[in-house]
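A.B. asks: Coordinates in target.pdb, PDB, C-alpha atoms, are listed below.
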ATOM      1  CA  MET A  16      -8.427  27.893  92.223
ATOM      2  CA  MET A  17      -9.754  25.706  89.423
ATOM      3  CA  LYS A  18      -9.607  28.639  86.990
ATOM      4  CA  MET A  19      -5.998  29.213  87.949
ATOM      5  CA  ILE A  20      -5.079  25.532  87.285
ATOM      6  CA  LYS A  21      -6.884  25.621  83.916
ATOM      7  CA  SER A  22      -5.059  28.829  82.977
ATOM      8  CA  PHE A  23      -1.720  27.318  83.973
ATOM      9  CA  VAL A  24      -2.393  24.141  81.914
ATOM     10  CA  CYS A  25      -3.378  26.256  78.871
ATOM     11  CA  VAL A  26      -0.243  28.375  79.134
ATOM     12  CA  PHE A  27       1.852  25.192  79.548
ATOM     13  CA  PHE A  28       0.399  23.602  76.363
ATOM     14  CA  ILE A  29       0.875  26.841  74.409
ATOM     15  CA  MET A  30       4.552  26.898  75.457
ATOM     16  CA  ILE A  31       5.081  23.253  74.381
ATOM     17  CA  SER A  32       3.268  23.836  71.097
ATOM     18  CA  THR A  33       5.411  26.911  70.355
ATOM     19  CA  ALA A  34       8.626  25.023  71.194
ATOM     20  CA  CYS A  35       7.684  22.153  68.855
ATOM     21  CA  LYS A  36       6.971  24.582  66.010
ATOM     22  CA  GLU A  37      10.364  26.241  66.530
ATOM     23  CA  LYS A  38      12.117  22.855  66.330
ATOM     24  CA  LYS A  39      10.273  21.829  63.190
ATOM     25  CA  GLY A  40      11.117  25.067  61.318
ATOM     26  CA  PRO A  41      14.899  24.675  60.957
ATOM     27  CA  VAL A  42      14.675  20.915  60.370
ATOM     28  CA  SER A  43      12.403  21.293  57.359
ATOM     29  CA  LYS A  44      14.658  24.062  55.972
ATOM     30  CA  THR A  45      17.712  21.826  56.278
ATOM     31  CA  ASP A  46      15.890  18.948  54.594
ATOM     32  CA  ASN A  47      15.074  21.189  51.616
ATOM     33  CA  LYS A  48      18.706  22.306  51.161
ATOM     34  CA  PRO A  49      20.061  21.028  47.833
ATOM     35  CA  ALA A  50      22.861  18.441  48.225
ATOM     36  CA  SER A  51      24.784  19.977  45.322
ATOM     37  CA  ILE A  52      25.642  23.080  47.407
ATOM     38  CA  GLU A  53      27.491  20.954  49.994
ATOM     39  CA  GLU A  54      29.279  18.910  47.307
ATOM     40  CA  THR A  55      30.476  22.034  45.516
ATOM     41  CA  ALA A  56      31.832  23.527  48.736
ATOM     42  CA  THR A  57      33.717  20.312  49.509
ATOM     43  CA  ASP A  58      35.128  20.057  45.987
ATOM     44  CA  ALA A  59      36.374  23.649  46.140
ATOM     45  CA  ASN A  60      38.280  22.984  49.356
ATOM     46  CA  THR A  61      42.037  22.382  48.856
ATOM     47  CA  ASN A  62      41.967  19.829  51.642
ATOM     48  CA  SER A  63      39.760  17.532  49.568
ATOM     49  CA  LEU A  64      42.605  16.997  47.077
ATOM     50  CA  VAL A  65      44.071  13.515  46.708
ATOM     51  CA  LEU A  66      47.574  12.899  45.393
ATOM     52  CA  LYS A  67      47.592  10.106  42.811
ATOM     53  CA  GLU A  68      50.443   8.593  40.832
ATOM     54  CA  ASP A  69      49.515  10.808  37.864
ATOM     55  CA  ALA A  70      47.467  13.700  39.315
ATOM     56  CA  LEU A  71      46.876  16.036  42.241
ATOM     57  CA  GLY A  72      43.106  16.117  42.410
ATOM     58  CA  ASP A  73      42.172  16.485  38.738
ATOM     59  CA  PHE A  74      45.387  18.362  37.881
ATOM     60  CA  GLU A  75      47.316  15.951  35.659
ATOM     61  CA  LEU A  76      50.994  15.406  36.461
ATOM     62  CA  LYS A  77      53.069  14.527  33.401
ATOM     63  CA  LYS A  78      56.768  13.951  32.946
ATOM     64  CA  GLY A  79      58.370  17.053  31.428
ATOM     65  CA  MET A  80      55.293  19.245  31.914
ATOM     66  CA  SER A  81      55.995  22.966  32.023
ATOM     67  CA  LEU A  82      55.367  24.761  35.318
ATOM     68  CA  GLU A  83      53.894  28.252  35.099
ATOM     69  CA  THR A  84      52.323  30.423  37.796
ATOM     70  CA  SER A  85      49.355  31.140  35.520
ATOM     71  CA  THR A  86      48.670  27.422  34.899
ATOM     72  CA  LEU A  87      48.699  26.614  38.615
ATOM     73  CA  THR A  88      46.658  29.720  39.504
ATOM     74  CA  ASN A  89      44.029  28.913  36.868
ATOM     75  CA  HIS A  90      43.685  25.328  38.060
ATOM     76  CA  PHE A  91      43.879  25.959  41.817
ATOM     77  CA  SER A  92      41.874  29.190  41.693
ATOM     78  CA  ASN A  93      40.985  29.178  45.398
ATOM     79  CA  THR A  94      44.636  29.354  46.507
ATOM     80  CA  GLU A  95      47.511  31.804  46.161
ATOM     81  CA  ILE A  96      50.494  30.569  44.124
ATOM     82  CA  LYS A  97      53.950  32.087  44.715
ATOM     83  CA  LYS A  98      57.056  31.463  42.596
ATOM     84  CA  GLU A  99      60.466  31.641  44.296
ATOM     85  CA  VAL A 100      64.055  30.496  43.774
ATOM     86  CA  GLY A 101      65.381  27.738  46.022
ATOM     87  CA  GLN A 102      69.002  26.933  46.811
ATOM     88  CA  GLN A 103      70.641  23.601  47.547
ATOM     89  CA  ASP A 104      74.016  21.855  47.249
ATOM     90  CA  GLY A 105      73.257  21.453  43.548
ATOM     91  CA  PRO A 106      71.861  24.069  41.133
ATOM     92  CA  ASP A 107      69.279  26.674  42.139
ATOM     93  CA  TYR A 108      65.705  25.736  41.262
ATOM     94  CA  PHE A 109      62.241  27.276  41.011
ATOM     95  CA  TYR A 110      59.529  26.319  43.443
ATOM     96  CA  TYR A 111      55.863  27.263  43.508
ATOM     97  CA  THR A 112      54.063  27.255  46.853
ATOM     98  CA  MET A 113      50.348  26.643  47.258
ATOM     99  CA  ASP A 114      48.915  27.410  50.723
ATOM    100  CA  LYS A 115      52.473  27.041  52.159
ATOM    101  CA  ASP A 116      52.007  23.288  52.646
ATOM    102  CA  VAL A 117      52.221  22.226  48.976
ATOM    103  CA  THR A 118      55.292  22.921  46.839
ATOM    104  CA  PHE A 119      55.869  22.224  43.135
ATOM    105  CA  SER A 120      59.600  22.243  42.222
ATOM    106  CA  THR A 121      61.725  22.260  39.060
ATOM    107  CA  PRO A 122      65.119  20.502  38.717
ATOM    108  CA  ASP A 123      66.901  23.842  38.196
ATOM    109  CA  THR A 124      66.307  27.398  36.939
ATOM    110  CA  GLU A 125      67.240  26.426  33.352
ATOM    111  CA  ASN A 126      64.401  23.913  33.023
ATOM    112  CA  ASN A 127      61.025  25.136  34.207
ATOM    113  CA  VAL A 128      59.476  21.655  34.263
ATOM    114  CA  LEU A 129      57.884  19.734  37.122
ATOM    115  CA  SER A 130      60.282  17.410  38.913
ATOM    116  CA  HIS A 131      58.956  17.200  42.466
ATOM    117  CA  ILE A 132      55.917  17.878  44.677
ATOM    118  CA  SER A 133      56.095  18.110  48.463
ATOM    119  CA  ILE A 134      53.061  18.054  50.782
ATOM    120  CA  LYS A 135      53.851  18.813  54.422
ATOM    121  CA  GLY A 136      53.026  20.896  57.486
ATOM    122  CA  ASN A 137      49.345  20.911  58.431
ATOM    123  CA  SER A 138      48.075  19.760  55.052
ATOM    124  CA  GLU A 139      45.076  17.441  55.127
ATOM    125  CA  ILE A 140      45.761  16.211  51.596
ATOM    126  CA  THR A 141      46.121  12.436  51.485
ATOM    127  CA  ASP A 142      47.450  10.192  48.768
ATOM    128  CA  VAL A 143      45.536   7.634  46.769
ATOM    129  CA  TYR A 144      46.597   4.951  49.273
ATOM    130  CA  GLY A 145      44.916   6.793  52.158
ATOM    131  CA  ILE A 146      48.165   7.988  53.744
ATOM    132  CA  GLY A 147      48.458  11.510  55.141
ATOM    133  CA  ILE A 148      50.663  13.695  57.312
ATOM    134  CA  GLY A 149      51.009  12.188  60.796
ATOM    135  CA  ASN A 150      50.388   8.581  59.755
ATOM    136  CA  THR A 151      52.688   6.022  61.363
ATOM    137  CA  LEU A 152      54.988   3.359  59.956
ATOM    138  CA  THR A 153      52.326   0.795  60.905
ATOM    139  CA  ASP A 154      49.697   2.727  58.889
ATOM    140  CA  ILE A 155      51.937   2.750  55.827
ATOM    141  CA  LYS A 156      52.909  -0.912  56.058
ATOM    142  CA  SER A 157      49.244  -1.907  56.367
ATOM    143  CA  LYS A 158      48.332   0.005  53.185
ATOM    144  CA  ARG A 159      51.441  -0.482  51.047
ATOM    145  CA  SER A 160      53.286  -3.797  50.978
ATOM    146  CA  ASN A 161      57.028  -4.169  50.256
ATOM    147  CA  ILE A 162      57.823  -0.619  51.334
ATOM    148  CA  LYS A 163      61.560   0.144  51.560
ATOM    149  CA  ILE A 164      63.764   2.582  53.477
ATOM    150  CA  MET A 165      65.991   5.156  51.770
ATOM    151  CA  THR A 166      68.216   7.676  53.586
ATOM    152  CA  ASP A 167      69.908  10.952  52.688
ATOM    153  CA  HIS A 168      71.707  13.160  55.285
ATOM    154  CA  PHE A 169      69.411  12.543  58.263
ATOM    155  CA  HIS A 170      66.349  12.408  56.022
ATOM    156  CA  ILE A 171      64.532   9.070  56.077
ATOM    157  CA  TYR A 172      62.159   8.108  53.268
ATOM    158  CA  LEU A 173      59.829   5.182  52.681
ATOM    159  CA  HIS A 174      59.227   4.278  49.061
ATOM    160  CA  LYS A 175      58.000   1.462  46.873
ATOM    161  CA  GLU A 176      59.624   0.458  43.628
ATOM    162  CA  GLY A 177      57.666   1.679  40.596
ATOM    163  CA  SER A 178      55.713   4.292  42.585
ATOM    164  CA  LYS A 179      56.168   8.054  42.234
ATOM    165  CA  ILE A 180      54.831   8.632  45.768
ATOM    166  CA  SER A 181      57.099   8.348  48.817
ATOM    167  CA  TYR A 182      57.064   9.515  52.440
ATOM    168  CA  GLU A 183      59.562  11.426  54.550
ATOM    169  CA  MET A 184      59.485  10.121  58.108
ATOM    170  CA  SER A 185      60.342  11.743  61.426
ATOM    171  CA  LEU A 186      63.165  10.014  63.272
ATOM    172  CA  THR A 187      62.098   9.889  66.911
ATOM    173  CA  ASN A 188      63.273   6.444  67.982
ATOM    174  CA  TYR A 189      66.925   6.844  66.972
ATOM    175  CA  ASN A 190      69.320   9.338  68.535
ATOM    176  CA  GLY A 191      72.636   8.152  67.122
ATOM    177  CA  PRO A 192      74.716   9.631  64.323
ATOM    178  CA  ASP A 193      73.521   9.635  60.713
ATOM    179  CA  LYS A 194      73.986   6.243  59.090
ATOM    180  CA  GLU A 195      73.322   4.637  55.733
ATOM    181  CA  ASN A 196      71.275   1.665  56.856
ATOM    182  CA  TYR A 197      68.292   2.362  59.068
ATOM    183  CA  THR A 198      65.927  -0.445  60.012
ATOM    184  CA  PHE A 199      62.182  -0.507  60.599
ATOM    185  CA  ASP A 200      63.035  -0.817  64.326
ATOM    186  CA  ASP A 201      64.679   2.641  64.109
ATOM    187  CA  LEU A 202      61.398   3.973  62.679
ATOM    188  CA  GLU A 203      59.072   2.297  65.175
ATOM    189  CA  ASP A 204      57.696   5.588  66.556
ATOM    190  CA  SER A 205      58.168   7.691  63.409
ATOM    191  CA  LYS A 206      55.405   9.530  61.552
ATOM    192  CA  VAL A 207      54.939  10.937  58.050
ATOM    193  CA  ILE A 208      56.181  14.539  57.952
ATOM    194  CA  ALA A 209      55.953  14.932  54.146
ATOM    195  CA  ILE A 210      54.329  13.156  51.203
ATOM    196  CA  LEU A 211      56.495  13.423  48.106
ATOM    197  CA  TRP A 212      55.844  12.964  44.387
ATOM    198  CA  ASN A 213      58.804  12.569  42.009
ATOM    199  CA  ARG A 214      58.552  12.359  38.226
TER     200      ARG A 214
END
Could the structure of this file be written out as structure tokens, please?

C.D. replies:
Amino acid sequence: MMKMIKSFVCVFFIMISTACKEKKGPVSKTDNKPASIEETATDANTNSLVLKEDALGDFELKKGMSLETSTLTNHFSNTEIKKEVGQQDGPDYFYYTMDKDVTFSTPDTENNVLSHISIKGNSEITDVYGIGIGNTLTDIKSKRSNIKIMTDHFHIYLHKEGSKISYEMSLTNYNGPDKENYTFDDLEDSKVIAILWNR
């Protein structure tokens, strides 16, 4: 009986010792992993981009800059860039899509220069003010003072004078006809559905 208890205790300690060694193995491997590998992976991710007044990530945005598929492809090498022709009430224009949620547009097909950037859909890109898709009116007002409302055919935008970045808002709290003067009360439950950059 005593031999059986001693054998059981020995087997028990061997099992605990083995389990501890297994836990220590992966932890020490993780601790030895170079931090630069994680940073590089994060930097290469499109979602880590930040829209600034003069850049998207480290891609400089300049007034009158030429838009070319090759330039965008070289800079955003981990994404597919597609060039298409858009139509509107005004002249046709070129637009370049990046991961479907980011669009670079020209004023028309005669001038292949950057005029507009739109970030929408499921994009996790935020702007330099910390505002992203899905943020509320309250979020915006807390981060950007003196924000104003602008409307255009059922599209509602929040913008600040002197800034190239504005926000298209959903209109969930107002069910009436289109009107020229919306109030912040009309936008109480609205959220950002697009972040826009205009030259």

A.B. asks: Restrict the calculation to all atoms listed in the file, then for each residue of region 151-182 of chain A with any atom at most 10 Å from an atom of region 114-136 of chain A give the closest atom pair and their distance in Å to one decimal, rows by chain and rising residue number, as JSON lines.

C.D. replies:
{"residue": "A:Lys179", "atom": "CA", "partner": "A:His131", "partner_atom": "CA", "distance": 9.6}
{"residue": "A:Ile180", "atom": "CA", "partner": "A:Ile132", "partner_atom": "CA", "distance": 9.4}
{"residue": "A:Ser181", "atom": "CA", "partner": "A:Ser133", "partner_atom": "CA", "distance": 9.8}
{"residue": "A:Tyr182", "atom": "CA", "partner": "A:Ser133", "partner_atom": "CA", "distance": 9.5}

A.B. asks: Would you be able to write out as a list of chain:residue names which residues have an atom within 10 Å of (56.2, 30.7, 34.1) in the file's coordinates, counting only C-alpha atoms?

C.D. replies: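 So the residues meeting the distance criterion are A:Ser81, A:Leu82, A:Glu83, A:Thr84, A:Ser85, A:Thr86, A:Leu87, A:Lys98, A:Phe109, A:Asn127, A:Val128.
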
A.B. asks: Evaluated on this file, the PyMOL selection byres ((chain A and resi 169) around 10) picks out some residues - which ones are they, written as a ChimeraX atom specification?

C.D. replies: /A:166-168,170-172,185-186,192-195

A.B. asks: May I have the residues within 12 Å of region 145-160 of chain A as a ChimeraX atom specification, using all atoms listed in the file and disregarding those fewer than 2 positions away in the same chain?

C.D. replies: /A:62-67,116,133-143,162-164,171-176,178,180-188,198-211

A.B. asks: Which value, in Å to one decimal, gives the distance between CA of Phe74 (chain A) and CA of Gln102 (chain A)?

C.D. replies: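 Separating CA of Phe74 (chain A) from CA of Gln102 (chain A) is a distance of 26.7 Å.
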
A.B. asks: Could you jot down the CA of Gly177 (chain A) to CA of Gly79 (chain A) separation for me, Å, one decimal place?

C.D. replies: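 If I compute the distance from CA of Gly177 (chain A) to CA of Gly79 (chain A), I get 17.9 Å.
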
A.B. asks: To one decimal in Å, tell me the separation between CA of Gln103 (chain A) and CA of Leu76 (chain A).

C.D. replies: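 CA of Leu76 (chain A) lies at a distance of 24.0 Å from CA of Gln103 (chain A).
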
A.B. asks: Between A:Asn161, A:Gly101, A:Tyr197, A:Tyr144, which residue has the minimum interatomic distance to Glu68 (chain A), considering all atoms listed in the file?

C.D. replies: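 Closest candidate: A:Tyr144.
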